[in-house]
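Step one of this worksheet: look at the structure below.
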Amino acid sequence: MKARINTYAFQQTTVDSASLGVLGTVAHPLTEPGDYEGTVFKNGFEMARFSLRVALDAGDTQVDIDLATLPSSRGRPEPCGCDGKGSSGPSPALKPGGYLVLYASTGAGGFHVLLDKLSGEKVKGDKPAAVFDSRILKKGDLFIASLLRPGLYEMAELHSGAKGSIVVAYPQPGGKPYAPPPPATVRVSDKGFTPAKLDVAAAQGIVFTVESGGAAIRISLQKPDDGPAKRATPRGKVRWTNPRPPEAPSETR
Amino acid sequence: MSDFTVAVSEKAVRKLFETVRDNTHESTSGSDDLGPFSVSWDVGFRLENGSVDLQSDGSILISELDVVYDPLKLTFGIDIPELCIGGFCIIPTPFGCLLRAPRICVFSADPDISLPLDLGGLITSEISGAFRIKTRYFVDPGRTASMTNLDAEDAGVPNKWQFLLDPIWLDIDPLDIADTVGNILDQAIDNVVDGLLGFLPGWARDLIKAILGPIVDLIRAILDIGDDIDEWLSNLLGVSLGLLDFVVTIVADYFANKYPIFALEDPYPILGYDGPLIPVKVPLRNMGVAVSDTEMVLAADVGA
């Protein structure tokens, strides 16, 4: 018997759009046709690359990139930066207006991605233009978090300083299999989070829709909820009392 | 008229049968893939009780002979469904979902969870049957060709006339399953799941259990137990594992071939050693058995 348990999912108590782990996902819309190359960084170090094509003839409305399972680009020759060659694997194709979805299925996380457009505008000589930095969410981007650990969380937008709170309810094993409710939506704008207070269930999705550019969202556990206190099983101490012997009748004369 | 006759009372036949009964025990093990789950087993049985009635038609009726299954160890291999989060639709459209969250799997078991179930002594069944006495001339394999009858007796390997219970028919009743088996199964499931998730914090165990649903119900559903565990277990052991066939075959074989209820030496000793005199032994021929409702009579001729 061998159980595979994604322990990172249970250990993560901070979900950060600028440092993606198993509980956080960034979705970025791509409208401009062309070839793109993503560079994946883990804890600030380049780990892998992927290429992507946005084309009118593509059928997919989303391309999922699992940052944790991309083949490492370390030791590989530098890609020329002109046609996507040197990137890992074949290029998936995305319909214009579709979403590039960045997530990590396992591991400790710490990912961010720089996305370059290879066949479009060029800046600084041969260097392609960086069209997206996952650490700085743009208007129209989505950040999706799924919180497992019950408790009180703080949600913060790091650039504006806006804050809010999320309460994740403790799961109650019941008579039927538990299915998380549909995802909750939080708008992120210059005014902060709307709503600023959110009650969700464990494993329920929270979709942050970015309505103004330059956002970075961090959710961190403030007060864990360990559920109803487990009552200590009373020790079965039983006292036996010797019944007092009946008093002997007093002698009277 | 036979030269040699031995009458055995019904009470004595019962005593002789008890020896055979107590010698009858067998075990088997194996495994099988039953589709949604696999099962391996280590099963043995012994016989207890039983009544013996001599019949006027020359048969012997044995009834209410208890088959006690011990050991009875079953181990089920069960696939627990993968448990994933995410996968929900973020941007629904009239034409389907435009954007869907990735699925992150937080728990899976590979290949199975293993669910041991020890039901030794908790399951019984009853055998009844009618038997005829079969006689068999037995030459002990330990006896060498050069041995005389006297040598064979001295060496403890004399030839024998054996009397065995040859089944006419055998009935085995459905399994009788103790009421506690359901509780034992539920407890075993809880123990396995707690062991599997034991290293996780309590909230994570509660979350997994909540998503999986009542784990006992889930595993009962995978095992296809339904409402009646007795019927399920009876079907599993009796039909899928062929336990009842196994028991009947073994009992028939043990009674008819392995353990005689009675044996007579041949030649039969009349007088033992007496000083310088060697024992007196008479050869028995044309051995026959007759059973009436009161006794079993063995008759033979004294031959050359």
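Going by the structure tokens order, chains are called A, B, ..., each with residues numbered from 1, while ligands are numbered from 1 in the order shown.
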Counting only C-alpha atoms, a student should be able to say which residues of chain B come within 8 Å of chain A; what is the right answer, written as a PDB file with N, CA and C atoms, in the first residue's frame?
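Result went into part05.pdb, see below:
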ATOM      1  N   ILE B  85      -8.546  18.953  -5.962  1.00  0.00           N
ATOM      2  CA  ILE B  85      -9.262  20.212  -5.797  1.00  0.00           C
ATOM      3  C   ILE B  85      -9.123  20.994  -7.104  1.00  0.00           C
ATOM      4  N   GLY B  86      -9.880  22.076  -7.203  1.00  0.00           N
ATOM      5  CA  GLY B  86      -9.852  22.862  -8.436  1.00  0.00           C
ATOM      6  C   GLY B  86     -10.727  22.229  -9.495  1.00  0.00           C
ATOM      7  N   PHE B  88     -12.828  23.724 -11.265  1.00  0.00           N
ATOM      8  CA  PHE B  88     -14.110  24.422 -11.419  1.00  0.00           C
ATOM      9  C   PHE B  88     -14.021  25.440 -12.562  1.00  0.00           C
ATOM     10  N   ILE B  90     -14.243  28.952 -14.245  1.00  0.00           N
ATOM     11  CA  ILE B  90     -14.047  30.344 -13.816  1.00  0.00           C
ATOM     12  C   ILE B  90     -14.840  31.281 -14.719  1.00  0.00           C
ATOM     13  N   LEU B  98     -15.104  28.770 -20.732  1.00  0.00           N
ATOM     14  CA  LEU B  98     -13.975  29.411 -21.414  1.00  0.00           C
ATOM     15  C   LEU B  98     -12.678  29.200 -20.650  1.00  0.00           C
ATOM     16  N   LEU B  99     -12.789  29.254 -19.336  1.00  0.00           N
ATOM     17  CA  LEU B  99     -11.584  29.131 -18.512  1.00  0.00           C
ATOM     18  C   LEU B  99     -11.908  28.274 -17.290  1.00  0.00           C
ATOM     19  N   ALA B 101     -10.231  26.245 -13.815  1.00  0.00           N
ATOM     20  CA  ALA B 101      -9.082  26.158 -12.900  1.00  0.00           C
ATOM     21  C   ALA B 101      -8.420  24.797 -13.043  1.00  0.00           C
ATOM     22  N   PRO B 102      -7.096  24.737 -12.953  1.00  0.00           N
ATOM     23  CA  PRO B 102      -6.427  23.429 -13.029  1.00  0.00           C
ATOM     24  C   PRO B 102      -6.798  22.567 -11.828  1.00  0.00           C
ATOM     25  N   ARG B 103      -6.735  21.282 -12.043  1.00  0.00           N
ATOM     26  CA  ARG B 103      -6.986  20.348 -10.935  1.00  0.00           C
ATOM     27  C   ARG B 103      -5.670  20.026 -10.246  1.00  0.00           C
ATOM     28  N   ILE B 104      -5.678  20.131  -8.946  1.00  0.00           N
ATOM     29  CA  ILE B 104      -4.503  19.763  -8.152  1.00  0.00           C
ATOM     30  C   ILE B 104      -4.908  18.576  -7.295  1.00  0.00           C
ATOM     31  N   CYS B 105      -4.222  17.456  -7.487  1.00  0.00           N
ATOM     32  CA  CYS B 105      -4.576  16.264  -6.727  1.00  0.00           C
ATOM     33  C   CYS B 105      -3.790  16.244  -5.427  1.00  0.00           C
ATOM     34  N   VAL B 106      -4.527  16.120  -4.337  1.00  0.00           N
ATOM     35  CA  VAL B 106      -3.882  16.188  -3.027  1.00  0.00           C
ATOM     36  C   VAL B 106      -3.747  14.821  -2.380  1.00  0.00           C
ATOM     37  N   PHE B 107      -4.483  13.847  -2.887  1.00  0.00           N
ATOM     38  CA  PHE B 107      -4.400  12.529  -2.264  1.00  0.00           C
ATOM     39  C   PHE B 107      -4.719  11.467  -3.294  1.00  0.00           C
ATOM     40  N   SER B 108      -3.865  10.473  -3.363  1.00  0.00           N
ATOM     41  CA  SER B 108      -4.197   9.290  -4.143  1.00  0.00           C
ATOM     42  C   SER B 108      -3.483   8.118  -3.502  1.00  0.00           C
ATOM     43  N   ALA B 109      -4.011   6.957  -3.688  1.00  0.00           N
ATOM     44  CA  ALA B 109      -3.389   5.762  -3.123  1.00  0.00           C
ATOM     45  C   ALA B 109      -2.993   4.856  -4.274  1.00  0.00           C
ATOM     46  N   ASP B 110      -1.796   4.339  -4.187  1.00  0.00           N
ATOM     47  CA  ASP B 110      -1.304   3.543  -5.298  1.00  0.00           C
ATOM     48  C   ASP B 110      -0.569   2.319  -4.751  1.00  0.00           C
ATOM     49  N   PRO B 111      -0.955   1.105  -5.091  1.00  0.00           N
ATOM     50  CA  PRO B 111      -2.075   0.835  -5.967  1.00  0.00           C
ATOM     51  C   PRO B 111      -3.409   0.818  -5.218  1.00  0.00           C
ATOM     52  N   ASP B 112      -3.380   0.429  -3.964  1.00  0.00           N
ATOM     53  CA  ASP B 112      -4.628   0.212  -3.248  1.00  0.00           C
ATOM     54  C   ASP B 112      -4.425   0.527  -1.783  1.00  0.00           C
ATOM     55  N   ILE B 113      -5.517   0.617  -1.086  1.00  0.00           N
ATOM     56  CA  ILE B 113      -5.372   0.428   0.341  1.00  0.00           C
ATOM     57  C   ILE B 113      -5.624  -1.045   0.607  1.00  0.00           C
ATOM     58  N   SER B 114      -5.001  -1.533   1.622  1.00  0.00           N
ATOM     59  CA  SER B 114      -5.100  -2.943   1.943  1.00  0.00           C
ATOM     60  C   SER B 114      -5.930  -3.072   3.214  1.00  0.00           C
ATOM     61  N   LEU B 196      -3.527   5.363   7.212  1.00  0.00           N
ATOM     62  CA  LEU B 196      -3.094   5.932   5.938  1.00  0.00           C
ATOM     63  C   LEU B 196      -2.861   7.432   6.055  1.00  0.00           C
ATOM     64  N   GLY B 202      -4.890  16.953  12.094  1.00  0.00           N
ATOM     65  CA  GLY B 202      -6.303  16.596  12.235  1.00  0.00           C
ATOM     66  C   GLY B 202      -7.196  17.292  11.228  1.00  0.00           C
ATOM     67  N   TRP B 203      -6.952  18.584  10.981  1.00  0.00           N
ATOM     68  CA  TRP B 203      -7.823  19.314  10.048  1.00  0.00           C
ATOM     69  C   TRP B 203      -7.719  18.744   8.636  1.00  0.00           C
ATOM     70  N   ALA B 204      -6.485  18.303   8.259  1.00  0.00           N
ATOM     71  CA  ALA B 204      -6.307  17.750   6.914  1.00  0.00           C
ATOM     72  C   ALA B 204      -7.005  16.398   6.795  1.00  0.00           C
ATOM     73  N   ASP B 206      -9.622  15.548   8.511  1.00  0.00           N
ATOM     74  CA  ASP B 206     -11.059  15.845   8.452  1.00  0.00           C
ATOM     75  C   ASP B 206     -11.463  16.320   7.060  1.00  0.00           C
ATOM     76  N   LEU B 207     -10.588  17.094   6.430  1.00  0.00           N
ATOM     77  CA  LEU B 207     -10.914  17.596   5.090  1.00  0.00           C
ATOM     78  C   LEU B 207     -10.987  16.443   4.089  1.00  0.00           C
ATOM     79  N   LYS B 209     -11.477  13.282   4.744  1.00  0.00           N
ATOM     80  CA  LYS B 209     -12.636  12.435   5.053  1.00  0.00           C
ATOM     81  C   LYS B 209     -13.936  13.099   4.611  1.00  0.00           C
ATOM     82  N   ALA B 210     -13.978  14.446   4.743  1.00  0.00           N
ATOM     83  CA  ALA B 210     -15.198  15.149   4.320  1.00  0.00           C
ATOM     84  C   ALA B 210     -15.386  15.033   2.816  1.00  0.00           C
ATOM     85  N   ILE B 211     -14.304  15.202   2.068  1.00  0.00           N
ATOM     86  CA  ILE B 211     -14.420  15.157   0.607  1.00  0.00           C
ATOM     87  C   ILE B 211     -14.720  13.734   0.128  1.00  0.00           C
ATOM     88  N   LEU B 212     -14.077  12.770   0.765  1.00  0.00           N
ATOM     89  CA  LEU B 212     -14.331  11.385   0.356  1.00  0.00           C
ATOM     90  C   LEU B 212     -15.728  10.936   0.767  1.00  0.00           C
ATOM     91  N   GLY B 213     -16.277  11.615   1.773  1.00  0.00           N
ATOM     92  CA  GLY B 213     -17.573  11.192   2.284  1.00  0.00           C
ATOM     93  C   GLY B 213     -17.345  10.143   3.351  1.00  0.00           C
ATOM     94  N   PRO B 214     -18.426   9.625   3.906  1.00  0.00           N
ATOM     95  CA  PRO B 214     -18.272   8.595   4.930  1.00  0.00           C
ATOM     96  C   PRO B 214     -17.447   7.437   4.370  1.00  0.00           C
TER      97      PRO B 214
END
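When the distance limit is 8 Å and only C-alpha atoms are what count, the residues near Thr75 of chain B, minus those fewer than 4 positions from it on the same chain, are Val39, Ser40, Trp41, Ser114, Leu115, Pro116 and Leu117 of chain B.
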Writer output for current selection, N, CA and C atoms, as a compact mmCIF listing (two decimals), in the first residue's frame:
# COMPACT_ATOMS: atom_id res chain seq x y z
N VAL B 39 -9.01 -9.64 -3.64
CA VAL B 39 -9.10 -10.27 -2.32
C VAL B 39 -8.09 -11.41 -2.26
N SER B 40 -7.44 -11.50 -1.13
CA SER B 40 -6.61 -12.68 -0.88
C SER B 40 -7.12 -13.30 0.41
N TRP B 41 -6.93 -14.61 0.53
CA TRP B 41 -7.52 -15.29 1.67
C TRP B 41 -6.58 -16.35 2.22
N SER B 114 -5.00 -1.53 1.62
CA SER B 114 -5.10 -2.94 1.94
C SER B 114 -5.93 -3.07 3.21
N LEU B 115 -7.00 -3.80 3.12
CA LEU B 115 -7.94 -3.88 4.24
C LEU B 115 -7.96 -5.32 4.77
N PRO B 116 -7.29 -5.57 5.88
CA PRO B 116 -7.31 -6.92 6.43
C PRO B 116 -8.53 -7.16 7.30
N LEU B 117 -9.05 -8.34 7.23
CA LEU B 117 -10.25 -8.68 7.99
C LEU B 117 -10.05 -10.08 8.55
Need to verify the contact set: Gly192 of chain A, 9 Å, only C-alpha atoms, exclusion of same-chain residues closer than 4 positions in sequence. Can you return it as a ChimeraX atom specification? /A:156-157,160-164,187-188,196
For Ser2 of chain B, find every residue with an atom within 7 Å (counting only C-alpha atoms), except residues of its own chain fewer than 5 positions away, and show them as a PyMOL selection string. chain B and resi 299-301
Which neighbours of Gly140 of chain A fall inside 9 Å, counting only C-alpha atoms, when residues of the same chain fewer than 6 positions from it are skipped, and could you give them as an MDAnalysis selection string? chainID A and resid 27:29 209:213
Dump of C-alpha atoms for the selected residues, as an mmCIF file, in the first residue's frame:
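Done, and the output landed in part03.cif:
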data_model
loop_
_atom_site.group_PDB
_atom_site.id
_atom_site.type_symbol
_atom_site.label_atom_id
_atom_site.label_comp_id
_atom_site.auth_asym_id
_atom_site.auth_seq_id
_atom_site.Cartn_x
_atom_site.Cartn_y
_atom_site.Cartn_z
ATOM 1 C CA ALA A 27 -4.509 33.325 -15.571
ATOM 2 C CA HIS A 28 -3.375 35.915 -18.056
ATOM 3 C CA PRO A 29 -5.319 36.713 -21.264
ATOM 4 C CA THR A 209 -10.312 39.598 -10.870
ATOM 5 C CA VAL A 210 -7.773 42.350 -11.349
ATOM 6 C CA GLU A 211 -9.466 45.561 -12.437
ATOM 7 C CA SER A 212 -6.482 47.850 -12.262
ATOM 8 C CA GLY A 213 -2.922 47.088 -13.231
#
Quick one: everything within 10 Å of Lys42 of chain A, counting only C-alpha atoms, minus sequence neighbours fewer than 5 positions away in the same chain. Send it as a PDB file with N, CA and C atoms, in the first residue's frame.
ATOM      1  N   SER A  19       4.506  34.568  -6.151  1.00  0.00           N
ATOM      2  CA  SER A  19       5.348  33.416  -5.834  1.00  0.00           C
ATOM      3  C   SER A  19       4.426  32.198  -5.813  1.00  0.00           C
ATOM      4  N   LEU A  20       4.201  31.656  -6.991  1.00  0.00           N
ATOM      5  CA  LEU A  20       3.127  30.667  -7.137  1.00  0.00           C
ATOM      6  C   LEU A  20       3.503  29.312  -6.541  1.00  0.00           C
ATOM      7  N   MET A  47      14.495  28.440 -14.050  1.00  0.00           N
ATOM      8  CA  MET A  47      14.392  26.989 -13.957  1.00  0.00           C
ATOM      9  C   MET A  47      14.028  26.343 -15.286  1.00  0.00           C
ATOM     10  N   ALA A  48      13.184  26.998 -16.044  1.00  0.00           N
ATOM     11  CA  ALA A  48      12.670  26.350 -17.256  1.00  0.00           C
ATOM     12  C   ALA A  48      12.117  27.406 -18.206  1.00  0.00           C
ATOM     13  N   LEU A  67       4.085  24.656 -13.814  1.00  0.00           N
ATOM     14  CA  LEU A  67       5.448  25.148 -13.613  1.00  0.00           C
ATOM     15  C   LEU A  67       6.320  24.126 -12.884  1.00  0.00           C
ATOM     16  N   ALA A  68       5.675  23.248 -12.104  1.00  0.00           N
ATOM     17  CA  ALA A  68       6.442  22.296 -11.293  1.00  0.00           C
ATOM     18  C   ALA A  68       6.945  21.118 -12.109  1.00  0.00           C
ATOM     19  N   ALA A 108       7.186  22.917  -3.405  1.00  0.00           N
ATOM     20  CA  ALA A 108       7.128  24.009  -2.431  1.00  0.00           C
ATOM     21  C   ALA A 108       6.768  25.338  -3.071  1.00  0.00           C
ATOM     22  N   GLY A 109       6.773  25.411  -4.382  1.00  0.00           N
ATOM     23  CA  GLY A 109       6.372  26.654  -5.054  1.00  0.00           C
ATOM     24  C   GLY A 109       7.508  27.654  -5.139  1.00  0.00           C
ATOM     25  N   GLY A 110       7.136  28.941  -5.187  1.00  0.00           N
ATOM     26  CA  GLY A 110       8.139  30.001  -5.330  1.00  0.00           C
ATOM     27  C   GLY A 110       8.359  30.402  -6.783  1.00  0.00           C
ATOM     28  N   PHE A 111       7.358  30.147  -7.620  1.00  0.00           N
ATOM     29  CA  PHE A 111       7.513  30.386  -9.065  1.00  0.00           C
ATOM     30  C   PHE A 111       7.010  31.775  -9.465  1.00  0.00           C
ATOM     31  N   HIS A 112       7.686  32.334 -10.461  1.00  0.00           N
ATOM     32  CA  HIS A 112       7.089  33.411 -11.237  1.00  0.00           C
ATOM     33  C   HIS A 112       7.541  33.244 -12.683  1.00  0.00           C
ATOM     34  N   VAL A 113       6.848  33.929 -13.570  1.00  0.00           N
ATOM     35  CA  VAL A 113       7.081  33.737 -15.007  1.00  0.00           C
ATOM     36  C   VAL A 113       7.208  35.097 -15.687  1.00  0.00           C
TER      37      VAL A 113
END
